[in-house]
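What follows is a single structure, written as structure tokens, with notes after it.
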Amino acid sequence: MSSFFLFVLVTLTVLMLIYLFRVVRGPSVFDRVLGLNGISTKAIVLLVVIGTVYERVDMFVDISTGYALLNLVGALAIAKFLEERGAPKK
Amino acid sequence: MTVLAIGLIVFGLFFLIVGSIGMLRLPNVFTRAHALSLTDSLGAILVLAGLAVYQGFTMNFLKITIVLVLVSLLNPIIAHATIRAAHRAGIRSSKEDTK
């Protein structure tokens, strides 16, 4: 069962690398924001899986909740800023 | 119970992989947001549900359920806000913006 959770951890990390490619190469700034949103969703799941591996789910779930709320605030702030300002010219 | 948890986690990982392939290959920002918000939310919900079932019916089950509800509420909100900002900033889903 522990090896299965290690497989889940490695798969999530590879998926985060794919999203990181989109963040680095994204043509517009909104692609980068979407890629960061995908990475943080994977990180929320990844924290709960790490807590399951180390059998301390009660602690890691709190970290994961805080990460989800901070991600919401950051993404909404960036979206509102770009909505007022317009997309930056390349 | 363990078999059900493994099934849910593998099913959710399938959706996460499909979402990341869409993020990699689709042409413009609106189609990428479509791939991200739908499949990514469902995949994260399924993986978290599998982890909650693996814990059994304890306090940890309720805590992981709280994270599950938060992810299923916040992920569509973020995708919608980003796409609304993109539309108001003048990006359209036309041929010349697609690359």
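So you can find residues: chains in the structure tokens are A, B, ... in the order shown, residues in each start at 1, and ligands are numbered from 1 in order.
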Taking only C-alpha atoms into account, produce a table as a Markdown table in which each residue of chain B with an atom at most 8 Å from an atom of chain A appears once, together with its shortest atom pair and the distance in Å to one decimal, ordered by chain and rising number.
```
| residue | atom | partner | partner_atom | distance |
| --- | --- | --- | --- | --- |
| B:Leu13 | CA | A:Val8 | CA | 7.9 |
| B:Leu16 | CA | A:Leu15 | CA | 7.8 |
| B:Ile17 | CA | A:Leu15 | CA | 6.9 |
| B:Ser20 | CA | A:Leu15 | CA | 6.5 |
| B:Met23 | CA | A:Tyr19 | CA | 7.3 |
| B:Leu24 | CA | A:Arg22 | CA | 6.7 |
| B:Val29 | CA | A:Asp31 | CA | 5.9 |
| B:Arg32 | CA | A:Asp31 | CA | 7.8 |
| B:Ala33 | CA | A:Leu34 | CA | 6.9 |
| B:Leu36 | CA | A:Gly38 | CA | 6.9 |
| B:Asp40 | CA | A:Gly38 | CA | 7.4 |
| B:Ala44 | CA | A:Val45 | CA | 6.6 |
| B:Val47 | CA | A:Val45 | CA | 7.4 |
| B:Leu48 | CA | A:Val45 | CA | 6.7 |
| B:Leu51 | CA | A:Val49 | CA | 7.4 |
| B:Asn60 | CA | A:Asp58 | CA | 6.0 |
| B:Lys63 | CA | A:Val61 | CA | 6.7 |
| B:Ile64 | CA | A:Val61 | CA | 6.5 |
| B:Val67 | CA | A:Thr65 | CA | 5.9 |
| B:Leu70 | CA | A:Ala68 | CA | 7.4 |
| B:Val71 | CA | A:Ala68 | CA | 7.1 |
| B:Leu74 | CA | A:Leu72 | CA | 6.6 |
| B:Asn75 | CA | A:Thr41 | CA | 7.8 |
| B:Ile78 | CA | A:Ala75 | CA | 6.4 |
| B:Ala79 | CA | A:Leu34 | CA | 7.1 |
| B:Ala81 | CA | A:Ala79 | CA | 6.1 |
| B:Thr82 | CA | A:Ala79 | CA | 5.2 |
| B:Ile83 | CA | A:Phe30 | CA | 7.7 |
| B:Arg84 | CA | A:Glu83 | CA | 7.8 |
| B:Ala85 | CA | A:Glu83 | CA | 4.5 |
| B:Ala86 | CA | A:Phe30 | CA | 6.5 |
| B:Arg88 | CA | A:Glu83 | CA | 6.2 |
| B:Ala89 | CA | A:Gly86 | CA | 4.5 |
| B:Gly90 | CA | A:Gly86 | CA | 7.5 |
| B:Lys99 | CA | A:Pro27 | CA | 8.0 |
```
Next on the checklist: For B:Ala49, find every residue with an atom within 9 Å (counting only C-alpha atoms), except residues of its own chain fewer than 2 positions away, and show them as a VMD selection string.
Outcome noted: chain B and resid 5 8 to 9 44 to 47 51 to 54 64 to 65 68
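Atom CA of B:Gly43 is positioned 13.6 Å from atom CA of B:Ile6.
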Checklist outcome for this item: Separating atom CA of A:Val53 from atom CA of A:Ser2, to the nearest tenth of an Å, is a gap of 6.6 Å
Next on the checklist: I need the residues of stretch 43-95 of chain B that end up classed as helix (DSSP H, G or I) by DSSP on the backbone, written out as a ChimeraX atom specification.
Outcome noted: /B:43-55,59-88
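Among the candidates B:Gly22, B:Pro76, B:Gly12, B:Pro27, the one nearest to B:Leu42 when counting only C-alpha atoms is B:Gly12.
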